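Here is the structure we will look at.
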Amino acid sequence: MEDQQGRIETEPGANGGGEQDARRRRLAAWRASERTLCRMPGEFSMGERLTALAADARTVYDTTEMPDFYGDGVVAELERRTADALGFPAAAFFPTGTMAQQAALRAWAGRTGNATVALHPLAHPEVHERRAFTTVSGLRTVHPTDAPRLPTAQEVRDFEEPFGTLMLELPLREPGFVLPTWQELTDVVEAARERDAVVHFDGARLWDCVVHFDRPLEEIARLADSVYVSYYKSLGGLSGAALVGPESLVEETRTWRHRYGGQLFQQYPAALSALVGLDRELPKLPSYVAHARVVAEGLADGFTKAGVPWFRINPEVPHTHQFQVWLPYEADALDDAGLGQAEETGVALFRRWFPAPAGGPPGVAYTEVTVTEPGLQWSAEDVRDAVAEFVRRLS
């Protein structure tokens, strides 16, 4: 799993009994914690999730209707509501975002006559999808910048190679869920179009961007020619994604979805959970973003008062309800401190910690902090107190 939930709960390739035992211990501690900044899907049993879905689904759709068959019924209704929310004429449901974006970019390559996609080297397809763009879809990727941010308009204009599509991940997760300013975003979109390229948003977490841009979701999405969104990142769905865009493009991506093996017989549990997310979680996201800034400030004050020699909150003022925390300790020591705090005090301040990526400084680790509804109960003082206990355990 490549998303926030997966990064916290699993380690790719770690399938041994020891790691599985450690994972179960972590999940048990997080589940039992009375205070936490968020609750992740992996903390709930199948029975708990099914019970909740059965209760919630009745509020968003008539569950006396028959299940979907190959994309009709509740799936078609989800597509309609998603297209409306993002201001596009059409949407197609996909089982994964990996498939949705390959279908979209392959379709754009045929229309532009150029199979080259310009994107960031830290974008999701380059880091987490095992080179699927090139291996499966025959696309070629280039990088207008490798700075820990999205490319600027000038970098797009000056890039030495032609490309058919500019893909922008909003927010760019790996450097800290970072976003450009609204003016920077509109400028880079204009620069791409000056080069006769189309613009596609990797908007897995586009839902989170309205506070930073101070624009309605529809206005943000409509800057692009097509947009992918996730239903389980931020919205808490079981799985699934959507591709929105012009009707003719979306119809073509349905053909590619079938070819890629994504024309599933029935998908109503995922579709219902996505509708619940659109109805319940989407309106709450601005409050999560606003409170993430309170939490970030409390963390910074707490580390300063605890005498931590160096730390970084990245971004200093979070752009979304997720951000990074960097500390000058080994990841294992930080994991132990956080787990001990959760088990012994019932306060889960941090989840998993990870060493700096290859080429980064040794002895430095980072974690990703997510603030959702449970986190709204934390004051800045609560955060500072939790930091003091966490740092005490490191000492």
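In the structure tokens, chains take the letters A, B, ... in the order shown, each chain's residues start at 1, and ligands count up from 1 in the order shown.
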
Kindly provide the residues of stretch 22-133 of chain A that approach stretch 176-189 of chain A to within 12 Å, each paired with its closest atom pair and their distance in Å to one decimal, based on only C-alpha atoms, listed by chain and increasing number, as JSON lines.
```
{"residue": "A:Leu122", "atom": "CA", "partner": "A:Gly176", "partner_atom": "CA", "distance": 11.0}
{"residue": "A:Ala123", "atom": "CA", "partner": "A:Phe177", "partner_atom": "CA", "distance": 11.0}
{"residue": "A:His124", "atom": "CA", "partner": "A:Phe177", "partner_atom": "CA", "distance": 11.9}
```

Give me, as a CSV table (one decimal) with C-alpha atoms, in the first residue's frame, all polymer residues having an atom no more than 12 Å from stretch 130-139 of chain A, counting only C-alpha atoms and skipping those fewer than 6 positions away in the same chain.
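Result written to selection24.csv:
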```csv
chain,number,residue,atom,x,y,z
A,2,GLU,CA,1.4,3.4,-1.0
A,97,GLY,CA,-6.0,5.3,-9.2
A,98,THR,CA,-3.1,3.6,-10.9
A,99,MET,CA,-5.5,2.3,-13.5
A,100,ALA,CA,-7.5,5.5,-13.8
A,101,GLN,CA,-4.4,7.6,-14.6
A,102,GLN,CA,-2.9,5.2,-17.1
A,103,ALA,CA,-6.3,5.1,-18.9
A,104,ALA,CA,-6.5,8.9,-18.9
A,105,LEU,CA,-2.9,9.6,-20.0
A,106,ARG,CA,-3.0,6.9,-22.7
A,107,ALA,CA,-6.1,8.5,-24.1
A,108,TRP,CA,-4.5,11.9,-24.0
A,109,ALA,CA,-1.4,10.6,-25.7
A,110,GLY,CA,-3.5,9.4,-28.6
A,113,GLY,CA,0.0,12.6,-30.7
A,114,ASN,CA,2.7,12.7,-28.0
A,115,ALA,CA,3.1,9.9,-25.4
A,116,THR,CA,5.5,11.9,-23.2
A,117,VAL,CA,4.2,13.0,-19.8
A,118,ALA,CA,5.9,15.7,-17.8
A,119,LEU,CA,5.6,15.2,-14.1
A,121,PRO,CA,10.0,12.6,-10.1
A,123,ALA,CA,4.9,12.0,-8.1
A,124,HIS,CA,3.0,8.8,-7.2
A,163,PHE,CA,5.5,16.6,-24.0
A,164,GLY,CA,1.8,16.0,-24.7
A,165,THR,CA,0.5,16.1,-21.1
A,256,TRP,CA,-9.2,1.2,-21.5
A,259,ARG,CA,-8.8,-3.7,-21.4
A,260,TYR,CA,-6.8,-3.3,-18.1
```

Correct to one decimal, the distance atom CA of A:Gly240-atom CA of A:Thr96 is 5.2 Å

In stretch 222-374 of chain A, what's strand (DSSP E) per DSSP? Answer as a list in words?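 Checking each residue of stretch 222-374 of chain A, the strand (DSSP E) ones are Ser226, Val227, Tyr228, Val229, Ser230, Ala241, Ala242, Leu243, Val244, Gly245, Arg312, Ile313, Asn314, Gln322, Phe323, Gln324, Val325, Trp326, Leu327, Val347, Ala348, Phe354, Pro355, Ala365, Tyr366, Thr367, Glu368, Val369 and Thr370 of chain A.
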
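Distance annotation: of A:Leu235, A:Leu376, A:Val294, A:Leu170, the residue with the minimal separation from A:Met40 is A:Leu235; atom set is only C-alpha atoms.
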
Give the helix (DSSP H, G or I) residues of stretch 27-272 of chain A, as assigned by DSSP on the backbone, as a PyMOL selection string. chain A and resi 27-32+41-43+46-57+74-86+97-112+124-128+132-135+153-158+182-194+206-213+217-221+247-259+268-272

Put those residues in a file: C-alpha atoms, as a short mmCIF file (atom, residue, chain, number, x, y, z; two decimals), in the first residue's frame.
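Result went into again-v2.cif, see below:
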```
data_model
loop_
_atom_site.label_atom_id
_atom_site.label_comp_id
_atom_site.auth_asym_id
_atom_site.auth_seq_id
_atom_site.Cartn_x
_atom_site.Cartn_y
_atom_site.Cartn_z
CA LEU A 27 -2.70 -1.69 15.70
CA ALA A 28 -3.80 -2.90 19.14
CA ALA A 29 -2.18 0.11 20.78
CA TRP A 30 -3.72 2.59 18.34
CA ARG A 31 -7.16 1.00 18.61
CA ALA A 32 -7.04 1.15 22.40
CA PRO A 41 -9.17 2.18 8.30
CA GLY A 42 -6.68 -0.50 9.38
CA GLU A 43 -7.65 0.03 12.99
CA MET A 46 -14.04 -6.22 8.90
CA GLY A 47 -17.13 -6.67 11.03
CA GLU A 48 -16.89 -3.13 12.37
CA ARG A 49 -16.50 -1.63 8.91
CA LEU A 50 -19.34 -3.69 7.43
CA THR A 51 -21.66 -2.77 10.28
CA ALA A 52 -20.87 0.92 9.88
CA LEU A 53 -21.28 0.78 6.10
CA ALA A 54 -24.64 -0.98 6.36
CA ALA A 55 -25.90 1.76 8.68
CA ASP A 56 -24.42 4.70 6.78
CA ALA A 57 -25.32 3.53 3.27
CA VAL A 74 -25.09 2.86 -7.48
CA VAL A 75 -21.81 3.08 -9.42
CA ALA A 76 -23.42 5.25 -12.08
CA GLU A 77 -24.92 7.44 -9.35
CA LEU A 78 -21.50 7.84 -7.75
CA GLU A 79 -20.04 8.86 -11.11
CA ARG A 80 -22.79 11.46 -11.57
CA ARG A 81 -22.29 12.99 -8.13
CA THR A 82 -18.50 13.06 -8.55
CA ALA A 83 -18.71 14.79 -11.93
CA ASP A 84 -21.08 17.36 -10.43
CA ALA A 85 -18.82 17.98 -7.42
CA LEU A 86 -15.81 18.61 -9.66
CA GLY A 97 -6.03 5.30 -9.20
CA THR A 98 -3.09 3.59 -10.89
CA MET A 99 -5.47 2.26 -13.54
CA ALA A 100 -7.46 5.49 -13.82
CA GLN A 101 -4.42 7.61 -14.58
CA GLN A 102 -2.94 5.17 -17.07
CA ALA A 103 -6.25 5.13 -18.94
CA ALA A 104 -6.48 8.91 -18.93
CA LEU A 105 -2.91 9.59 -20.00
CA ARG A 106 -2.98 6.89 -22.65
CA ALA A 107 -6.12 8.49 -24.08
CA TRP A 108 -4.51 11.94 -24.03
CA ALA A 109 -1.41 10.55 -25.73
CA GLY A 110 -3.54 9.36 -28.61
CA ARG A 111 -5.27 12.72 -28.91
CA THR A 112 -2.15 14.88 -28.68
CA HIS A 124 3.00 8.81 -7.23
CA PRO A 125 3.43 7.03 -10.60
CA GLU A 126 7.21 7.47 -10.45
CA VAL A 127 7.63 6.33 -6.84
CA HIS A 128 4.89 3.80 -6.08
CA ALA A 132 3.53 1.12 -14.84
CA PHE A 133 3.35 4.13 -17.16
CA THR A 134 6.19 2.86 -19.30
CA THR A 135 5.89 -0.89 -18.74
CA ALA A 153 5.66 28.19 -15.12
CA GLN A 154 9.14 29.17 -16.27
CA GLU A 155 10.46 25.63 -15.82
CA VAL A 156 7.58 24.33 -17.92
CA ARG A 157 8.16 26.94 -20.63
CA ASP A 158 11.93 26.37 -20.72
CA TRP A 182 -3.17 29.79 -6.65
CA GLN A 183 -1.30 32.20 -8.92
CA GLU A 184 1.57 29.73 -9.35
CA LEU A 185 -0.90 26.98 -10.24
CA THR A 186 -2.76 29.05 -12.82
CA ASP A 187 0.53 30.24 -14.31
CA VAL A 188 1.91 26.71 -14.72
CA VAL A 189 -1.32 25.53 -16.34
CA GLU A 190 -1.16 28.45 -18.77
CA ALA A 191 2.49 27.67 -19.54
CA ALA A 192 1.61 24.08 -20.42
CA ARG A 193 -1.12 25.19 -22.76
CA GLU A 194 1.24 27.63 -24.42
CA LEU A 206 -7.64 17.22 -4.33
CA TRP A 207 -10.52 17.26 -1.84
CA ASP A 208 -8.10 18.73 0.74
CA CYS A 209 -7.00 21.76 -1.31
CA VAL A 210 -9.86 24.23 -0.97
CA VAL A 211 -8.56 25.94 2.19
CA HIS A 212 -5.06 26.56 0.84
CA PHE A 213 -6.28 27.85 -2.53
CA LEU A 217 -13.40 22.56 -5.37
CA GLU A 218 -15.02 22.92 -8.78
CA GLU A 219 -12.93 25.99 -9.66
CA ILE A 220 -9.72 24.19 -8.73
CA ALA A 221 -10.57 21.06 -10.70
CA GLU A 247 -17.50 13.06 -22.13
CA SER A 248 -15.58 11.71 -25.14
CA LEU A 249 -12.39 11.27 -23.11
CA VAL A 250 -14.20 9.55 -20.24
CA GLU A 251 -15.91 7.16 -22.67
CA GLU A 252 -12.52 6.26 -24.13
CA THR A 253 -11.10 5.60 -20.67
CA ARG A 254 -13.97 3.19 -20.03
CA THR A 255 -12.67 1.16 -22.97
CA TRP A 256 -9.18 1.16 -21.52
CA ARG A 257 -10.58 0.27 -18.11
CA HIS A 258 -12.05 -2.88 -19.63
CA ARG A 259 -8.77 -3.72 -21.36
CA TYR A 268 -21.46 -1.60 -4.63
CA PRO A 269 -19.64 -1.76 -1.25
CA ALA A 270 -16.87 0.53 -2.53
CA ALA A 271 -19.38 2.78 -4.30
CA LEU A 272 -21.60 3.11 -1.25
#
```

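Nearest residue to A:Pro318, choosing from A:Asp335, A:Glu160, A:Glu297, A:Glu330 and counting only C-alpha atoms: A:Glu297.
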
Min atom-atom distance to A:Thr370 from the set A:His120, A:His143, A:Cys38, A:Leu150, counting only C-alpha atoms, belongs to A:Cys38

Which of these residues is nearest to A:Phe88, using only C-alpha atoms: A:Thr320, A:Ser239, A:Asn314, A:Ser226?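 Using only C-alpha atoms, the shortest distance to A:Phe88 belongs to A:Ser226.
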
Go through A:Gly298, A:Gly340, A:Ser234, A:Gly359 one by one, measure the shortest atom-to-atom distance of each to A:Arg25 using only C-alpha atoms, and give the residue with the smallest value.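 Closest residue, counting only C-alpha atoms: A:Gly340.
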
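Atom CA of A:Phe201 is positioned 17.0 Å from atom CA of A:His319.
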
Taking into account only C-alpha atoms, which residue in the set A:Ala197, A:Ala380, A:Ala90, A:Leu37 is nearest to A:Arg351?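 Smallest separation from A:Arg351 among the options: A:Leu37.
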
Quick one: residues within 8 Å of A:Tyr366, only C-alpha atoms, excluding same-chain residues fewer than 6 positions away - as a list of chain:residue names? A:Gln324, A:Val325, A:Trp326, A:Leu327, A:Ala331, A:Trp353, A:Phe354, A:Pro355, A:Ala356

Any idea what the distance is between atom CA of A:Val347 and atom CA of A:Tyr232?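 One can read the atom CA of A:Val347 to atom CA of A:Tyr232 distance as 25.1 Å.
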